[in-house]
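Participant: This one is target.cif, mmCIF, C-alpha atoms.
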data_final
#
loop_
_atom_site.label_atom_id
_atom_site.label_comp_id
_atom_site.auth_asym_id
_atom_site.auth_seq_id
_atom_site.Cartn_x
_atom_site.Cartn_y
_atom_site.Cartn_z
CA MET A 140 129.24 87.33 115.45
CA ILE A 141 129.00 87.89 119.17
CA ALA A 142 131.87 90.39 118.90
CA HIS A 143 129.89 92.29 116.27
CA PHE A 144 126.94 92.35 118.59
CA ALA A 145 129.15 93.80 121.28
CA VAL A 146 130.02 96.59 118.83
CA PHE A 147 126.34 97.51 118.33
CA LEU A 148 125.63 97.38 122.06
CA GLY A 149 128.78 99.38 122.75
CA PHE A 150 127.75 102.17 120.38
CA GLN A 151 124.25 102.12 121.84
CA LEU A 152 125.77 102.59 125.29
CA ILE A 153 128.03 105.41 124.10
CA GLY A 154 125.00 107.07 122.48
CA GLU A 155 123.01 106.80 125.71
CA VAL A 156 125.87 108.30 127.71
CA ILE A 157 126.27 111.21 125.27
CA THR A 158 122.56 112.04 125.13
CA ARG A 159 122.29 111.99 128.93
CA ALA A 160 125.50 113.95 129.47
CA LEU A 161 124.63 116.66 126.95
CA ASP A 162 120.88 116.57 127.65
CA LEU A 163 120.00 116.13 123.98
CA SER A 164 116.49 115.46 122.69
CA LEU A 165 117.80 112.80 120.30
CA PRO A 166 117.67 109.22 121.60
CA GLY A 167 120.92 107.39 122.42
CA PRO A 168 120.65 104.73 119.69
CA VAL A 169 120.36 107.39 116.95
CA ILE A 170 123.57 109.02 118.19
CA GLY A 171 125.20 105.59 118.45
CA MET A 172 124.22 104.91 114.85
CA ALA A 173 125.61 108.24 113.65
CA LEU A 174 128.92 107.56 115.44
CA LEU A 175 129.17 104.03 114.06
CA THR A 176 128.54 105.39 110.53
CA VAL A 177 131.44 107.81 110.95
CA VAL A 178 133.68 104.99 112.22
CA LEU A 179 132.70 102.77 109.27
CA MET A 180 133.55 105.53 106.81
CA ALA A 181 136.96 105.91 108.37
CA ARG A 182 137.54 102.13 108.44
CA PRO A 183 135.68 100.39 105.58
CA GLN A 184 137.43 97.09 106.41
CA PHE A 185 135.55 97.02 109.72
CA GLY A 186 132.27 97.56 107.87
CA ASP A 187 132.89 94.52 105.66
CA ASP A 188 133.46 92.48 108.83
CA ILE A 189 130.23 93.43 110.59
CA ALA A 190 127.98 93.66 107.49
CA SER A 191 126.69 90.07 107.59
CA THR A 192 125.73 90.30 111.28
CA ALA A 193 124.00 93.65 110.76
CA ASN A 194 122.07 92.49 107.70
CA GLY A 195 120.98 89.26 109.36
CA PHE A 196 119.82 91.20 112.40
CA LEU A 197 117.94 93.82 110.35
CA ALA A 198 116.20 91.16 108.26
CA HIS A 199 114.23 90.33 111.43
CA LEU A 200 113.69 93.90 112.57
CA SER A 201 109.91 93.52 112.79
CA VAL A 202 109.98 90.97 115.63
CA LEU A 203 111.33 93.74 117.86
CA TYR A 204 108.08 95.69 117.51
CA VAL A 205 105.92 92.87 118.83
CA PRO A 206 106.19 93.62 122.59
CA ALA A 207 105.22 97.29 122.17
CA GLY A 208 102.52 96.29 119.71
CA VAL A 209 100.90 93.87 122.13
CA GLY A 210 100.37 96.75 124.55
CA ILE A 211 98.19 98.60 122.06
CA ALA A 212 96.57 95.64 120.28
CA PRO A 213 93.22 95.92 122.11
CA SER A 214 92.78 99.56 121.13
CA MET A 215 94.12 98.94 117.64
CA SER A 216 91.53 96.37 116.87
CA ILE A 217 88.83 99.04 117.01
CA SER A 218 90.62 101.47 114.81
CA SER A 219 92.76 99.86 112.19
CA THR A 220 93.02 96.10 111.99
CA ALA A 221 89.83 95.61 110.04
CA LEU A 222 92.14 94.45 107.27
CA VAL A 223 93.08 91.15 108.87
CA GLY A 224 92.17 90.54 112.40
CA ARG A 225 88.75 91.88 113.16
CA SER A 226 86.24 89.54 111.60
CA TRP A 227 88.34 86.54 112.51
CA LEU A 228 88.72 87.78 116.06
CA ARG A 229 84.99 88.36 116.40
CA SER A 230 83.95 84.97 115.16
CA SER A 231 86.52 82.88 116.98
CA TYR A 232 86.89 84.83 120.18
CA PRO A 233 83.81 86.92 121.07
CA ARG A 234 85.09 87.99 124.50
CA CYS A 235 87.95 89.85 122.83
CA SER A 236 85.55 91.68 120.54
CA PRO A 237 86.74 95.04 119.22
CA SER A 238 83.75 96.79 120.72
CA ALA A 239 85.19 96.25 124.19
CA PRO A 240 88.66 97.77 124.20
CA GLU A 241 90.70 97.47 127.35
CA HIS A 242 92.07 100.95 127.27
CA MET B 75 96.40 68.79 137.99
CA THR B 76 97.75 70.82 140.91
CA GLU B 77 101.19 69.99 139.56
CA ILE B 78 100.32 71.61 136.23
CA LEU B 79 98.88 74.65 137.97
CA HIS B 80 102.07 74.89 139.97
CA ILE B 81 104.24 74.86 136.88
CA TRP B 82 101.91 77.38 135.22
CA SER B 83 101.98 79.78 138.15
CA TYR B 84 105.78 79.63 138.13
CA LEU B 85 106.07 80.09 134.36
CA SER B 86 103.43 82.77 133.96
CA GLU B 87 105.26 85.08 136.37
CA GLY B 88 108.77 84.65 134.96
CA PRO B 89 110.41 86.03 131.81
CA PRO B 90 111.10 82.76 129.87
CA LEU B 91 107.48 81.99 129.00
CA TRP B 92 106.52 85.34 127.50
CA LEU B 93 109.89 85.86 125.86
CA THR B 94 109.53 82.49 124.13
CA LEU B 95 105.91 83.08 123.16
CA THR B 96 106.78 86.49 121.68
CA VAL B 97 109.30 84.90 119.35
CA VAL B 98 107.03 81.91 118.61
CA ALA B 99 104.07 84.20 117.79
CA TYR B 100 106.30 86.13 115.41
CA VAL B 101 107.50 82.91 113.73
CA ILE B 102 103.84 81.91 113.24
CA GLY B 103 103.11 85.35 111.79
CA ASP B 104 106.16 85.15 109.52
CA ASN B 105 105.09 81.70 108.28
CA CYS B 106 101.60 83.02 107.53
CA PHE B 107 103.24 85.84 105.58
CA ARG B 108 105.29 83.35 103.54
CA LEU B 109 102.41 80.90 103.01
CA ALA B 110 100.18 83.75 101.81
CA GLY B 111 102.74 84.54 99.12
CA ARG B 112 104.37 87.51 100.93
CA LYS B 113 101.25 89.67 100.64
CA PRO B 114 101.69 93.02 102.43
CA TYR B 115 98.36 92.79 104.25
CA VAL B 116 99.43 89.55 105.92
CA ASN B 117 101.68 91.43 108.32
CA SER B 118 103.72 89.19 110.61
CA VAL B 119 103.87 91.76 113.44
CA LEU B 120 100.13 92.29 113.30
CA ILE B 121 99.45 88.55 113.47
CA ALA B 122 101.88 88.12 116.39
CA MET B 123 100.24 91.05 118.20
CA ILE B 124 96.76 89.60 117.78
CA LEU B 125 97.82 86.08 118.83
CA LEU B 126 99.60 87.35 121.94
CA SER B 127 96.84 89.70 123.02
CA ILE B 128 94.29 86.90 122.72
CA LEU B 129 96.61 84.68 124.77
CA LEU B 130 97.03 87.36 127.44
CA LYS B 131 93.28 87.78 127.61
CA VAL B 132 92.59 84.03 127.81
CA THR B 133 95.20 83.43 130.52
CA ASP B 134 94.24 86.65 132.32
CA THR B 135 97.82 87.87 132.27
CA SER B 136 98.57 91.58 132.69
CA TYR B 137 100.61 93.46 130.11
CA ARG B 138 103.12 94.28 132.85
CA THR B 139 103.77 90.57 133.49
CA TYR B 140 104.04 89.96 129.77
CA PHE B 141 106.50 92.80 129.34
CA GLU B 142 108.77 91.40 132.08
CA GLY B 143 109.67 88.71 129.58
CA ALA B 144 109.20 90.58 126.34
CA GLN B 145 111.35 93.55 127.37
CA PHE B 146 114.47 91.69 126.23
CA VAL B 147 113.14 91.74 122.68
CA HIS B 148 111.92 95.33 123.06
CA PHE B 149 115.34 96.51 124.22
CA MET B 150 116.94 95.28 120.99
CA LEU B 151 115.09 98.02 119.06
CA GLY B 152 117.82 100.41 120.13
CA THR B 153 120.55 97.97 119.14
CA ALA B 154 118.90 97.48 115.74
CA THR B 155 118.86 101.26 115.28
CA VAL B 156 122.64 101.26 115.82
CA ALA B 157 123.03 98.39 113.34
CA MET B 158 121.36 100.55 110.67
CA ALA B 159 124.70 102.34 110.44
CA VAL B 160 125.81 99.45 108.22
CA PRO B 161 123.24 99.85 105.38
CA LEU B 162 123.65 103.62 105.69
CA TRP B 163 127.41 103.27 105.24
CA SER B 164 127.28 100.68 102.46
CA ASN B 165 124.78 102.80 100.47
CA TRP B 166 126.51 106.08 101.18
CA GLN B 167 127.71 106.60 97.60
CA ARG B 168 124.16 106.13 96.29
CA VAL B 169 122.76 108.42 98.99
CA LYS B 170 125.27 111.09 98.05
CA ALA B 171 124.49 110.65 94.35
CA SER B 172 120.84 111.52 95.01
CA ASP B 173 121.24 113.91 97.94
CA VAL B 174 118.98 116.66 96.54
CA PRO B 175 115.94 114.43 95.86
CA ILE B 176 116.47 112.76 99.23
CA LEU B 177 116.49 116.04 101.12
CA GLU B 178 113.43 117.28 99.21
CA ALA B 179 111.52 114.07 99.86
CA LEU B 180 112.53 114.18 103.50
CA ALA B 181 111.42 117.78 104.02
CA VAL B 182 108.09 117.25 102.26
CA GLY B 183 107.42 113.86 103.88
CA SER B 184 108.23 115.02 107.38
CA VAL B 185 106.25 118.27 107.23
CA VAL B 186 103.23 116.74 105.46
CA SER B 187 103.05 113.95 108.04
CA MET B 188 102.86 116.48 110.89
CA ILE B 189 100.46 118.93 109.23
CA SER B 190 98.10 116.29 107.83
CA SER B 191 97.75 114.35 111.08
CA VAL B 192 97.22 117.49 113.17
CA ALA B 193 94.78 118.96 110.63
CA VAL B 194 92.68 115.79 110.50
CA GLY B 195 92.82 115.49 114.29
CA ALA B 196 91.69 119.10 114.75
CA LEU B 197 88.91 118.59 112.22
CA PHE B 198 87.58 115.72 114.35
CA GLY B 199 87.70 117.88 117.45
CA LEU B 200 90.90 116.73 119.13
CA ARG B 201 92.46 119.34 121.41
CA ASP B 202 95.58 120.09 123.44
CA GLU B 203 97.83 117.23 124.46
CA VAL B 204 95.90 114.61 122.48
CA LEU B 205 96.34 116.69 119.33
CA LEU B 206 100.02 117.31 120.11
CA SER B 207 100.55 113.57 120.49
CA LEU B 208 99.86 113.21 116.77
CA VAL B 209 102.80 115.42 115.75
CA PRO B 210 105.67 112.88 115.80
CA LYS B 211 103.64 109.83 114.69
CA SER B 212 105.97 109.09 111.77
CA ALA B 213 109.15 109.22 113.86
CA THR B 214 110.52 105.98 115.27
CA SER B 215 109.18 105.21 118.76
CA PRO B 216 112.28 105.93 120.93
CA VAL B 217 112.56 109.34 119.23
CA ALA B 218 108.82 110.00 119.44
CA ILE B 219 108.84 109.46 123.21
CA GLY B 220 111.59 112.05 123.58
CA ILE B 221 109.64 114.48 121.39
CA ALA B 222 106.40 113.83 123.32
CA GLU B 223 108.11 114.87 126.51
CA ALA B 224 109.60 117.94 124.85
CA ILE B 225 106.37 119.28 123.29
CA GLY B 226 103.88 118.27 125.96
CA GLY B 227 102.06 115.35 124.36
CA LEU B 228 101.06 112.11 126.07
CA PRO B 229 103.94 109.58 125.72
CA THR B 230 101.74 106.46 126.03
CA LEU B 231 99.27 107.68 123.42
CA MET B 232 102.17 108.73 121.23
CA VAL B 233 103.70 105.22 121.27
CA ALA B 234 100.31 103.77 120.30
CA LEU B 235 99.96 106.28 117.44
CA VAL B 236 103.50 105.61 116.25
CA LEU B 237 102.85 101.86 116.15
CA ILE B 238 99.50 102.23 114.41
CA THR B 239 101.18 104.48 111.83
CA GLY B 240 103.90 101.87 111.33
CA VAL B 241 101.52 98.94 110.92
CA ILE B 242 99.24 100.82 108.51
CA GLY B 243 102.30 102.02 106.62
CA ALA B 244 103.77 98.52 106.36
CA VAL B 245 100.45 97.20 105.07
CA VAL B 246 99.49 99.94 102.59
CA THR B 247 102.79 101.20 101.12
CA THR B 248 103.29 98.37 98.61
CA PRO B 249 99.82 98.63 96.98
CA LEU B 250 99.87 102.43 97.29
CA LEU B 251 103.27 102.85 95.61
CA ASN B 252 102.28 100.33 92.93
CA SER B 253 99.15 102.29 92.11
CA LEU B 254 101.16 105.53 92.04
CA GLY B 255 103.58 103.90 89.60
CA VAL B 256 106.70 104.40 91.76
CA ARG B 257 109.13 101.68 90.63
CA ASP B 258 112.54 102.82 91.85
CA SER B 259 113.47 100.74 94.94
CA ARG B 260 115.35 103.70 96.37
CA GLY B 261 112.32 105.98 96.17
CA ARG B 262 109.94 103.30 97.42
CA GLY B 263 112.17 102.45 100.37
CA PHE B 264 112.86 106.04 101.32
CA ALA B 265 109.17 107.01 101.26
CA THR B 266 108.29 103.99 103.40
CA GLY B 267 110.98 104.79 105.96
CA VAL B 268 109.98 108.46 106.25
CA ALA B 269 106.26 107.70 106.60
CA ALA B 270 106.25 104.44 108.55
CA HIS B 271 109.60 104.34 110.46
CA GLY B 272 110.90 100.93 111.63
CA LEU B 273 107.84 98.86 110.83
CA GLY B 274 107.82 100.24 107.29
CA THR B 275 111.58 99.66 107.13
CA ALA B 276 111.13 96.05 108.25
CA ARG B 277 108.60 95.60 105.48
CA ALA B 278 110.95 97.23 102.95
CA PHE B 279 113.76 94.85 103.95
CA GLN B 280 111.38 91.95 103.21
CA VAL B 281 110.79 93.26 99.71
CA HIS B 282 114.25 94.35 98.60
CA GLY B 283 117.67 94.97 100.17
CA THR B 284 118.07 98.38 98.51
CA ALA B 285 114.56 99.43 99.52
CA GLY B 286 115.38 98.39 103.10
CA ALA B 287 118.61 100.37 103.12
CA PHE B 288 116.89 103.50 101.81
CA ALA B 289 114.00 102.96 104.20
CA SER B 290 116.40 102.90 107.16
CA ILE B 291 118.00 106.08 105.85
CA GLY B 292 114.55 107.68 105.52
CA MET B 293 113.61 106.56 109.01
CA VAL B 294 116.79 107.89 110.59
CA LEU B 295 116.75 111.23 108.76
CA ASN B 296 113.06 111.71 109.56
CA ALA B 297 113.69 110.92 113.24
CA ILE B 298 116.38 113.59 113.37
CA LEU B 299 114.37 116.17 111.40
CA THR B 300 111.19 115.55 113.44
CA ALA B 301 113.13 115.95 116.69
CA LEU B 302 114.43 119.29 115.40
CA ILE B 303 111.28 120.80 113.87
CA ALA B 304 108.45 119.38 116.02
CA PRO B 305 108.99 121.95 118.81
CA ILE B 306 108.94 124.80 116.25
CA PHE B 307 105.84 123.39 114.53
CA VAL B 308 104.03 123.14 117.87
CA GLN B 309 104.83 126.78 118.66
CA LEU B 310 103.38 127.82 115.31
CA ILE B 311 100.07 126.00 115.77
CA LEU B 312 99.48 126.98 119.40
#
Starting from the file, lay out its structure as structure tokens.
Facilitator:
Amino acid sequence: MIAHFAVFLGFQLIGEVITRALDLSLPGPVIGMALLTVVLMARPQFGDDIASTANGFLAHLSVLYVPAGVGIAPSMSISSTALVGRSWLRSSYPRCSPSAPEH
Amino acid sequence: MTEILHIWSYLSEGPPLWLTLTVVAYVIGDNCFRLAGRKPYVNSVLIAMILLSILLKVTDTSYRTYFEGAQFVHFMLGTATVAMAVPLWSNWQRVKASDVPILEALAVGSVVSMISSVAVGALFGLRDEVLLSLVPKSATSPVAIGIAEAIGGLPTLMVALVLITGVIGAVVTTPLLNSLGVRDSRGRGFATGVAAHGLGTARAFQVHGTAGAFASIGMVLNAILTALIAPIFVQLIL
């Protein structure tokens, strides 16, 4: 499993190097993904090996968005979280009320 | 008491505390999602975000300090993007079998997302760089930052808009597609990925493996297409 992880990180690194070297507007990971797809098509056996690691990793993709999300949570609560968070937030934590966004 | 304060002041400045709490908050959110019967509006990311921002506020911790720890999780976004090569590869035959509908859906989805957001923004009086920041809102965040720099938007605002798009997308796509009568997992997944990038894709993976695979394909293709056409679109509207 750790070897499979090294593969993903390796392709990410290659992608970063390519995008910097060629001054592309595409981000490194997207290039890394495209390259890995080409490699998998050439060597399907390799794809069968890494599939379980990739699928397990992608099943928890959403946790990776939490850090960036926390940065915008105060401003989001005014605009779009009426669905879940707002009324609860207001009643149980008035100081964090949506009417006083941080930024 | 001073002992506790000592431990706190050490922990609150270092990465382990906020890294752990990020994962714990997500686990709480994920459990809420399961306990609520996997309802789309009980979004685990949204719950984790709210819990952590309350915690930061209560403990008077800056986002910068928080990010020192949480950046390790954040970094893995790029690695996860690379890992999406696997569902792309394993579904390649099915992608090829429906290449024309996929390309049509991609072109329409990508262009409509740009035009609609800019049109609504302009209608409400947004101008210049704030308006431009709306253009790549449906592209995945690492791509959107690159586009923001290229077209002259505000990168920070852009990341916020991208995330808001993703959360709204993850929450509304299931009821929306149900009411539109879209039943094909491939179509549902692809639409979610094009409109709501990684957060939509994460949601699609929760619902169905095929939907997740097509959502990652939609996300990736939309990221590439947006990077290519956003500069042209901006020239047309300016």
Participant: Could you list, as a PDB file with C-alpha atoms, in the coordinates of the input, the residues of chain A having an atom within 8 Å of chain B when counting only C-alpha atoms?
Facilitator:
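And here's part.pdb as it stands now:
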ATOM      1  CA  PHE A 147     126.340  97.510 118.330  1.00  0.00           C
ATOM      2  CA  LEU A 148     125.630  97.380 122.060  1.00  0.00           C
ATOM      3  CA  PHE A 150     127.750 102.170 120.380  1.00  0.00           C
ATOM      4  CA  GLN A 151     124.250 102.120 121.840  1.00  0.00           C
ATOM      5  CA  SER A 164     116.490 115.460 122.690  1.00  0.00           C
ATOM      6  CA  LEU A 165     117.800 112.800 120.300  1.00  0.00           C
ATOM      7  CA  PRO A 166     117.670 109.220 121.600  1.00  0.00           C
ATOM      8  CA  GLY A 167     120.920 107.390 122.420  1.00  0.00           C
ATOM      9  CA  PRO A 168     120.650 104.730 119.690  1.00  0.00           C
ATOM     10  CA  VAL A 169     120.360 107.390 116.950  1.00  0.00           C
ATOM     11  CA  GLY A 171     125.200 105.590 118.450  1.00  0.00           C
ATOM     12  CA  MET A 172     124.220 104.910 114.850  1.00  0.00           C
ATOM     13  CA  ALA A 173     125.610 108.240 113.650  1.00  0.00           C
ATOM     14  CA  LEU A 175     129.170 104.030 114.060  1.00  0.00           C
ATOM     15  CA  THR A 176     128.540 105.390 110.530  1.00  0.00           C
ATOM     16  CA  LEU A 179     132.700 102.770 109.270  1.00  0.00           C
ATOM     17  CA  MET A 180     133.550 105.530 106.810  1.00  0.00           C
ATOM     18  CA  GLY A 186     132.270  97.560 107.870  1.00  0.00           C
ATOM     19  CA  ILE A 189     130.230  93.430 110.590  1.00  0.00           C
ATOM     20  CA  ALA A 190     127.980  93.660 107.490  1.00  0.00           C
ATOM     21  CA  ALA A 193     124.000  93.650 110.760  1.00  0.00           C
ATOM     22  CA  ASN A 194     122.070  92.490 107.700  1.00  0.00           C
ATOM     23  CA  PHE A 196     119.820  91.200 112.400  1.00  0.00           C
ATOM     24  CA  LEU A 197     117.940  93.820 110.350  1.00  0.00           C
ATOM     25  CA  ALA A 198     116.200  91.160 108.260  1.00  0.00           C
ATOM     26  CA  HIS A 199     114.230  90.330 111.430  1.00  0.00           C
ATOM     27  CA  LEU A 200     113.690  93.900 112.570  1.00  0.00           C
ATOM     28  CA  SER A 201     109.910  93.520 112.790  1.00  0.00           C
ATOM     29  CA  VAL A 202     109.980  90.970 115.630  1.00  0.00           C
ATOM     30  CA  LEU A 203     111.330  93.740 117.860  1.00  0.00           C
ATOM     31  CA  TYR A 204     108.080  95.690 117.510  1.00  0.00           C
ATOM     32  CA  VAL A 205     105.920  92.870 118.830  1.00  0.00           C
ATOM     33  CA  PRO A 206     106.190  93.620 122.590  1.00  0.00           C
ATOM     34  CA  ALA A 207     105.220  97.290 122.170  1.00  0.00           C
ATOM     35  CA  GLY A 208     102.520  96.290 119.710  1.00  0.00           C
ATOM     36  CA  VAL A 209     100.900  93.870 122.130  1.00  0.00           C
ATOM     37  CA  GLY A 210     100.370  96.750 124.550  1.00  0.00           C
ATOM     38  CA  ILE A 211      98.190  98.600 122.060  1.00  0.00           C
ATOM     39  CA  ALA A 212      96.570  95.640 120.280  1.00  0.00           C
ATOM     40  CA  PRO A 213      93.220  95.920 122.110  1.00  0.00           C
ATOM     41  CA  MET A 215      94.120  98.940 117.640  1.00  0.00           C
ATOM     42  CA  SER A 219      92.760  99.860 112.190  1.00  0.00           C
ATOM     43  CA  LEU A 222      92.140  94.450 107.270  1.00  0.00           C
ATOM     44  CA  VAL A 223      93.080  91.150 108.870  1.00  0.00           C
ATOM     45  CA  GLY A 224      92.170  90.540 112.400  1.00  0.00           C
ATOM     46  CA  CYS A 235      87.950  89.850 122.830  1.00  0.00           C
TER      47      CYS A 235
END
Participant: One number please: atom CA of A:His143 to atom CA of A:Val156, in Å, one decimal.
Facilitator: 20.1 Å
Participant: Set up a box along x, y and z of the file covering all listed atoms of stretch 197-204 of chain A, add 6 Å on every one of the six sides, and write the centre and edge lengths in Å to one decimal, as lines of an AutoDock Vina configuration file.
Facilitator:
center_x = 113.0
center_y = 93.0
center_z = 113.1
size_x = 21.9
size_y = 17.4
size_z = 21.6
Participant: Could you tell me, as a list in words, exactly which residues end up selected when the PyMOL selection byres ((chain B and resi 191) around 12) is applied to this structure?
Facilitator: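 When the PyMOL selection byres ((chain B and resi 191) around 12) is applied, the selected residues are Ser184, Val185, Val186, Ser187, Met188, Ile189, Ser190, Val192, Ala193, Val194, Gly195, Ala196, Leu197, Phe198, Leu200, Val204, Leu205, Leu206, Ser207, Leu208, Val209, Pro210, Lys211, Ser212, Leu235, Val236, Thr239 and Ala269 of chain B.
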Participant: Keeping only C-alpha atoms, take the residues you just selected and write them out as a PDB file, keeping the file's coordinate frame.
Facilitator:
ATOM      1  CA  SER B 184     108.230 115.020 107.380  1.00  0.00           C
ATOM      2  CA  VAL B 185     106.250 118.270 107.230  1.00  0.00           C
ATOM      3  CA  VAL B 186     103.230 116.740 105.460  1.00  0.00           C
ATOM      4  CA  SER B 187     103.050 113.950 108.040  1.00  0.00           C
ATOM      5  CA  MET B 188     102.860 116.480 110.890  1.00  0.00           C
ATOM      6  CA  ILE B 189     100.460 118.930 109.230  1.00  0.00           C
ATOM      7  CA  SER B 190      98.100 116.290 107.830  1.00  0.00           C
ATOM      8  CA  VAL B 192      97.220 117.490 113.170  1.00  0.00           C
ATOM      9  CA  ALA B 193      94.780 118.960 110.630  1.00  0.00           C
ATOM     10  CA  VAL B 194      92.680 115.790 110.500  1.00  0.00           C
ATOM     11  CA  GLY B 195      92.820 115.490 114.290  1.00  0.00           C
ATOM     12  CA  ALA B 196      91.690 119.100 114.750  1.00  0.00           C
ATOM     13  CA  LEU B 197      88.910 118.590 112.220  1.00  0.00           C
ATOM     14  CA  PHE B 198      87.580 115.720 114.350  1.00  0.00           C
ATOM     15  CA  LEU B 200      90.900 116.730 119.130  1.00  0.00           C
ATOM     16  CA  VAL B 204      95.900 114.610 122.480  1.00  0.00           C
ATOM     17  CA  LEU B 205      96.340 116.690 119.330  1.00  0.00           C
ATOM     18  CA  LEU B 206     100.020 117.310 120.110  1.00  0.00           C
ATOM     19  CA  SER B 207     100.550 113.570 120.490  1.00  0.00           C
ATOM     20  CA  LEU B 208      99.860 113.210 116.770  1.00  0.00           C
ATOM     21  CA  VAL B 209     102.800 115.420 115.750  1.00  0.00           C
ATOM     22  CA  PRO B 210     105.670 112.880 115.800  1.00  0.00           C
ATOM     23  CA  LYS B 211     103.640 109.830 114.690  1.00  0.00           C
ATOM     24  CA  SER B 212     105.970 109.090 111.770  1.00  0.00           C
ATOM     25  CA  LEU B 235      99.960 106.280 117.440  1.00  0.00           C
ATOM     26  CA  VAL B 236     103.500 105.610 116.250  1.00  0.00           C
ATOM     27  CA  THR B 239     101.180 104.480 111.830  1.00  0.00           C
ATOM     28  CA  ALA B 269     106.260 107.700 106.600  1.00  0.00           C
TER      29      ALA B 269
END
Participant: Between atom CA of A:Val146 and atom CA of A:Val177, what is the distance, to one decimal in Å?
Facilitator: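 If I compute the distance from atom CA of A:Val146 to atom CA of A:Val177, I get 13.8 Å.
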Participant: Please list as a PyMOL selection string every residue within 10 Å of B:Lys113, counting all atoms listed in the file and excluding residues in the same chain fewer than 6 positions away.
Facilitator: chain B and resi 106-107+245+248-249
